[in-house]
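Here is the structure we will look at, set down as structure tokens.
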Amino acid sequence: MILLDIRNLTLEIESNGVLVKALDKVSLSICEKEIRALVGESGSGKSLIVRAISGSLPPQWIITADRLTWRGQNLLKMSKSERQKIMRRDIAVIFQDPQAALDPSVKLGAQFRESIPNEFINSRWWWQQRAEQNRIAWAQLTRVGIKDVKKCLNSYVHELPDDVCQKFMIAMALVSQPTLLIADDPTRGMETSTKRQIMSLCKNLNRHSDLSILFVSHDLLAISSIAHTITVLYSGQTVEDGPFDSVRRKPFHPYSKALLDSAPSFRPELQPKSPLTALKGTIPTLQHLPIGCRLGPRCPRAQKECVNTPVPRTIHKRQYRCHFPLHIDADENLDGKYEGIDV
Amino acid sequence: MSLLSIRNLCYDDAPPWYVLGKKDIFYLGPVNFDVNEGETVSIIGTNNSGKSLLGKLITGAVPKGAGEVLINGIPLNKSNRANSVRMVFSHSSQSLNPGISVGRMLEEPLLLNTKLPPSERFDKIRDTLRLVGLMPDHYYFYKHMLSDGQQQRVALARALILDPKVVVADEPFAALDPSVRSQTVNLLLKLQAELGLAFIFISHNLGIVRHISDRTLVMHNGEVVENAPTQTLFADPQHEASKHLIHAHFAMLKV
């Protein structure tokens with residue numbers, strides 16, 4: 001069953017009197033028990049999607065979508081309290097940059113106790129309730145691999161290192177036993193062994209408690225270890241979508257290829273100290289978005305047609321938006337004959 | 001003789017009046033290693049293993065406890081270290097001053113360390129900006145007008161402007177996006193080939209470490225526990241700490 005279904009989500013921001021499309025027809029869906037990776041560079045709108053789902057965008061930004069539904073309920077038409085209820089129990093969000101997302105003026109223990117849903121506390125008296133809350137906190141924090149739980153609960157955010165805060169955020173998100181976990185760059189700045197620990201935690205939760213995960217990141221190594229499906233985002237447009245393994249083996253979109261090539265870990269045949277393949281230039285700013293395919297000016301395969309926005313095309317389980325995809329013969333592509341392709 | 005030699009470098013964060021129990025003091029070292037010209041040495045390790053601290057000790061950003069840092073056999077001190085060893089700090093976006101333009105930011109090291117007249121300083125800044133792949137016009141830009149990758153380049157330019165022999169870079173790629181990261185890696189490799197720079201990288205990203213470095217040091221609890229050529233280390237780590245890190249890396253790759 002599809003949990004979260006987003007179709008043609010468009011987000012417009014007014015800048016100097018002009019409406020800029022920060023997100024342009026983004027489509028994304030997450031099924032039950034699925035781990036979907038959302039990959040893109042900073043400024044590509046990953047975090048905007050997360051915030052659009054969680055409803056924490058400023059009200060003056062214009063969101064339009066053909067579908068933005070949670071288990072069939074339209075999130076955009078919902079009243080604020082209904083939406084908050086879903087956000088509190090079903091969807092948990094780990095925001096980017098824990099140091100900034102956590103309250104700097106309250107001890108972490110108090111913040112954690114606040115995030116425990118009332119239904120989990122059965123005791124009658126406040127001291128019993130408090131003991132129960134503490135028990136839950138200890139269990140959760142130990143589970144995510146925080147060693148000095150006592151110190152963590154009695155500290156303020158600024159007193160703890162980044163990775164402990166990050167783990168704390170994960171523990172806080174998981175305490176309400178959500179159905180969907182949205183993790184916005186959870187492995188940023190983590191060392192390899194901690195990263196692996198977090199990844200295996202996510203994997204176990206996915207396997208044993210049927211947690212779906214939307215994993216927003218640009219850390220391809222972490223993604224490769226858990227993701228089932230991947231959505232590649234470039235500058236507010238989805239460029240490719242499909243099962244991770246097949247995308248990794250044969251990326252259709254030039255940008256997906258560039259992204260995969262940028263991780264030397266995936267290319268054991270690469271000579272040490274040889275230059276890496278990289279696209280020229282940087283991701284365009286919102287004020288200077290190119291028309292048509294937004295990769296156009298940087299794309300090595302760009303031609304005249306690229307000034308028109310490519311429509312999404314589907315082959316097997318994969319979707320891409322490109323006029324001149326890799327690994328697909330151009331003529332076949334135009335005729336719509338997709339059968340002979342091994343994906 | 002090697003370009004940079006580190007001999008018995010030690011550090012502890014105990015205050016001078018500290019006489020009671022020695023529980024919470026962080027001890028580093030003694031550290032010994034050499035870096036040759038044109039060589040890239042990476043330092044890997046878990047958090048709190050003293051990687052960044054070692055980098056800061058080498059550049060002199062943190063005063064060292066004991067030991068010596070030698071450049072071509074000459075010990076580094078306050079007067080000569082800025083011209084030979086420079087540092088690119090982690091979180092380059094936070095290490096840039098938001099209140100002054102890129103040009104003035106780059107001018108400061110020149111003002112403090114050289115006796116160049118203003119016109120030559122200006123030329124030097126423009127040359128350095130071009131060297132790291134920015135435009136001379138970026139002289140007048142402020143931090144907030146630049147993208148992450150460009151900020152990283154400015155941080156690099158600030159390190160390179162005094163023509164150092166060794167550049168210590170603390171997590172230079174951590175905050176960068178994949179495609180910009182590849183560009184930066186290429187830039188560093190190019191600069192190394194052109195200028196014969198020696199790099200000391202402090203990084204978590206073992207994929208990149210494996211790609212760019214000649215030797216790798218593994219740090220654990222303030223000590224260098226392993227120092228080996230990168231390919232040897234990745235193929236056959238000896239110490240427990242290195243095994244832990246490298247196996248975790250490969251486990252993520254394979255699963």
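Each chain of the structure tokens is named A, B, ... in the order shown, its residues numbered from 1; ligands are numbered from 1 in display order.
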* What's the 12 Å shell around Asn205 (chain B), counting only C-alpha atoms, without same-chain residues fewer than 6 positions away, as a VMD selection string? -> (chain A and resid 187 to 193 195 219 to 222 263 to 265) or (chain B and resid 42 to 46 170 to 176 178 181 211 to 213 245 to 246 248 to 249)
Can you spit out the residues from that selection as an mmCIF file, in the first residue's frame, using C-alpha atoms?
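Final output, saved to part.cif:
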data_model
loop_
_atom_site.group_PDB
_atom_site.id
_atom_site.type_symbol
_atom_site.label_atom_id
_atom_site.label_comp_id
_atom_site.auth_asym_id
_atom_site.auth_seq_id
_atom_site.Cartn_x
_atom_site.Cartn_y
_atom_site.Cartn_z
ATOM 1 C CA THR A 187 24.667 10.921 8.447
ATOM 2 C CA ARG A 188 26.216 14.297 7.852
ATOM 3 C CA GLY A 189 29.558 14.648 9.598
ATOM 4 C CA MET A 190 29.493 11.164 11.042
ATOM 5 C CA GLU A 191 32.471 8.893 11.032
ATOM 6 C CA THR A 192 32.203 5.612 9.169
ATOM 7 C CA SER A 193 31.639 3.302 12.112
ATOM 8 C CA LYS A 195 27.311 5.790 10.239
ATOM 9 C CA ASP A 219 25.923 10.425 0.916
ATOM 10 C CA LEU A 220 25.833 7.714 -1.718
ATOM 11 C CA LEU A 221 27.729 5.242 0.395
ATOM 12 C CA ALA A 222 25.129 5.329 3.142
ATOM 13 C CA ALA A 263 31.860 8.643 -5.314
ATOM 14 C CA PRO A 264 35.258 6.976 -5.750
ATOM 15 C CA SER A 265 34.140 4.171 -3.453
ATOM 16 C CA SER B 42 45.547 11.568 5.279
ATOM 17 C CA ILE B 43 44.635 11.310 8.916
ATOM 18 C CA ILE B 44 41.624 9.165 9.714
ATOM 19 C CA GLY B 45 40.135 8.103 13.010
ATOM 20 C CA THR B 46 37.010 8.172 15.110
ATOM 21 C CA ASP B 170 40.491 19.680 8.032
ATOM 22 C CA GLU B 171 37.443 17.988 6.485
ATOM 23 C CA PRO B 172 37.606 20.023 3.285
ATOM 24 C CA PHE B 173 34.938 17.972 1.541
ATOM 25 C CA ALA B 174 32.482 17.297 4.327
ATOM 26 C CA ALA B 175 30.063 20.088 3.556
ATOM 27 C CA LEU B 176 30.294 19.844 -0.215
ATOM 28 C CA PRO B 178 29.028 15.354 -4.748
ATOM 29 C CA ARG B 181 33.326 17.731 -4.293
ATOM 30 C CA HIS B 211 41.565 7.934 -3.807
ATOM 31 C CA ILE B 212 43.763 10.933 -3.122
ATOM 32 C CA SER B 213 46.278 10.040 -0.450
ATOM 33 C CA LEU B 245 37.094 1.823 10.482
ATOM 34 C CA ILE B 246 38.050 0.130 7.271
ATOM 35 C CA ALA B 248 32.903 -0.552 8.461
ATOM 36 C CA HIS B 249 33.632 1.271 5.214
#
* To do: Give the residues of chain A that lie within 10 Å of chain B; count only C-alpha atoms, and format the answer as number ranges by chain.
  => A: 40-43, 161-163, 188-197, 199-200, 217-226, 255, 258-268, 270-285
* **Residue contacts of region 87-104 of chain A (9 Å, only C-alpha atoms) excluding same-chain residues fewer than 3 positions away, as a PyMOL selection string** => chain A and resi 47+50+54-55+82-84+107-108+111+115+117+156-158+162-163+165-166+168-170+172-174+176-186+188
Pick out the residues sitting within 7 Å of Ser29 (chain A), and hand them over as a PDB file with N, CA and C atoms, in the first residue's frame; count only C-alpha atoms, and ignore anything fewer than 5 positions along from it in its own chain.
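So part_25.pdb came out as:
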ATOM      1  N   ILE A   2       0.424   2.253  -0.741  1.00  0.00           N
ATOM      2  CA  ILE A   2       1.194   3.481  -0.810  1.00  0.00           C
ATOM      3  C   ILE A   2       0.903   4.340   0.418  1.00  0.00           C
ATOM      4  N   LEU A   4       2.760   7.436   1.333  1.00  0.00           N
ATOM      5  CA  LEU A   4       2.848   8.849   0.999  1.00  0.00           C
ATOM      6  C   LEU A   4       2.924   8.959  -0.512  1.00  0.00           C
ATOM      7  N   ASP A   5       2.036   9.746  -1.086  1.00  0.00           N
ATOM      8  CA  ASP A   5       1.998   9.865  -2.537  1.00  0.00           C
ATOM      9  C   ASP A   5       2.066  11.336  -2.909  1.00  0.00           C
ATOM     10  N   ILE A   6       3.108  11.683  -3.614  1.00  0.00           N
ATOM     11  CA  ILE A   6       3.252  13.074  -4.047  1.00  0.00           C
ATOM     12  C   ILE A   6       3.277  13.077  -5.564  1.00  0.00           C
TER      13      ILE A   6
END
* **Selection: 12 Å around Thr142 (chain A), only C-alpha atoms, excl. self and same-chain fewer than 2 positions, as a PyMOL selection string** => chain A and resi 135-140+144-150+152-153+164+167-168+170-172+201
May I have the selected residues written with C-alpha atoms, as a PDB file, in the first residue's frame?
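Result file part_12.pdb:
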ATOM      1  CA  ARG A 135      12.820   4.501  31.329  1.00  0.00           C
ATOM      2  CA  ILE A 136      11.650   5.043  27.749  1.00  0.00           C
ATOM      3  CA  ALA A 137      14.325   7.679  27.209  1.00  0.00           C
ATOM      4  CA  TRP A 138      17.054   5.358  28.454  1.00  0.00           C
ATOM      5  CA  ALA A 139      15.843   2.517  26.296  1.00  0.00           C
ATOM      6  CA  GLN A 140      15.636   4.645  23.157  1.00  0.00           C
ATOM      7  CA  VAL A 144      20.630   4.332  18.929  1.00  0.00           C
ATOM      8  CA  GLY A 145      24.057   3.833  20.458  1.00  0.00           C
ATOM      9  CA  ILE A 146      24.556   6.760  22.824  1.00  0.00           C
ATOM     10  CA  LYS A 147      27.055   5.613  25.398  1.00  0.00           C
ATOM     11  CA  ASP A 148      26.731   8.136  28.206  1.00  0.00           C
ATOM     12  CA  VAL A 149      22.946   8.430  28.415  1.00  0.00           C
ATOM     13  CA  LYS A 150      22.910  10.199  31.757  1.00  0.00           C
ATOM     14  CA  CYS A 152      23.268  13.310  27.372  1.00  0.00           C
ATOM     15  CA  LEU A 153      19.948  13.795  29.169  1.00  0.00           C
ATOM     16  CA  VAL A 164      25.591  12.555  19.707  1.00  0.00           C
ATOM     17  CA  LYS A 167      21.729  10.236  17.387  1.00  0.00           C
ATOM     18  CA  PHE A 168      19.577  11.992  19.946  1.00  0.00           C
ATOM     19  CA  ILE A 170      17.014   9.959  15.683  1.00  0.00           C
ATOM     20  CA  ALA A 171      16.026   8.534  19.059  1.00  0.00           C
ATOM     21  CA  MET A 172      13.532  11.358  19.554  1.00  0.00           C
ATOM     22  CA  LEU A 201      19.597   0.470  13.090  1.00  0.00           C
TER      23      LEU A 201
END
Per-residue nearest contacts of region 30-109 of chain B to region 120-143 of chain B (8 Å; only C-alpha atoms) as JSON lines:
{"residue": "B:Ser93", "atom": "CA", "partner": "B:Lys143", "partner_atom": "CA", "distance": 7.9}
{"residue": "B:Leu96", "atom": "CA", "partner": "B:Lys143", "partner_atom": "CA", "distance": 7.0}
{"residue": "B:Asn97", "atom": "CA", "partner": "B:Lys143", "partner_atom": "CA", "distance": 7.2}
{"residue": "B:Pro98", "atom": "CA", "partner": "B:Lys143", "partner_atom": "CA", "distance": 5.4}
{"residue": "B:Gly99", "atom": "CA", "partner": "B:Tyr142", "partner_atom": "CA", "distance": 7.5}
{"residue": "B:Ile100", "atom": "CA", "partner": "B:Tyr142", "partner_atom": "CA", "distance": 6.5}
{"residue": "B:Ser101", "atom": "CA", "partner": "B:Tyr142", "partner_atom": "CA", "distance": 4.5}
{"residue": "B:Val102", "atom": "CA", "partner": "B:Tyr139", "partner_atom": "CA", "distance": 5.3}
{"residue": "B:Gly103", "atom": "CA", "partner": "B:Tyr139", "partner_atom": "CA", "distance": 4.2}
{"residue": "B:Arg104", "atom": "CA", "partner": "B:Tyr139", "partner_atom": "CA", "distance": 7.8}
{"residue": "B:Leu106", "atom": "CA", "partner": "B:Ile125", "partner_atom": "CA", "distance": 6.6}
{"residue": "B:Glu107", "atom": "CA", "partner": "B:Arg121", "partner_atom": "CA", "distance": 6.9}
* To do: Could you please determine the separation between CA of Lys78 (chain B) and CA of Asn113 (chain B) in Å, to one decimal place?
  =>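 Interatomic distance, CA of Lys78 (chain B) to CA of Asn113 (chain B): 10.8 Å.
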* To do: Check the DSSP output for the backbone and give back, as a count of residues only, the residues of region 82-253 of chain B in strand (DSSP E or B).
  => 27
* Asked: Which one is closest to Ile74 (chain B): B:Ser2, B:Gln152, B:Asn221, B:Gln192? Count only C-alpha atoms.
  ->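 Of B:Ser2, B:Gln152, B:Asn221, B:Gln192, the one nearest Ile74 (chain B), counting only C-alpha atoms, is B:Ser2.
You can rank A:Cys299, A:Leu233, A:Leu3, A:Leu68 by their closest distance to Val39 (chain A) using only C-alpha atoms, and at the top of that list sits A:Leu233.
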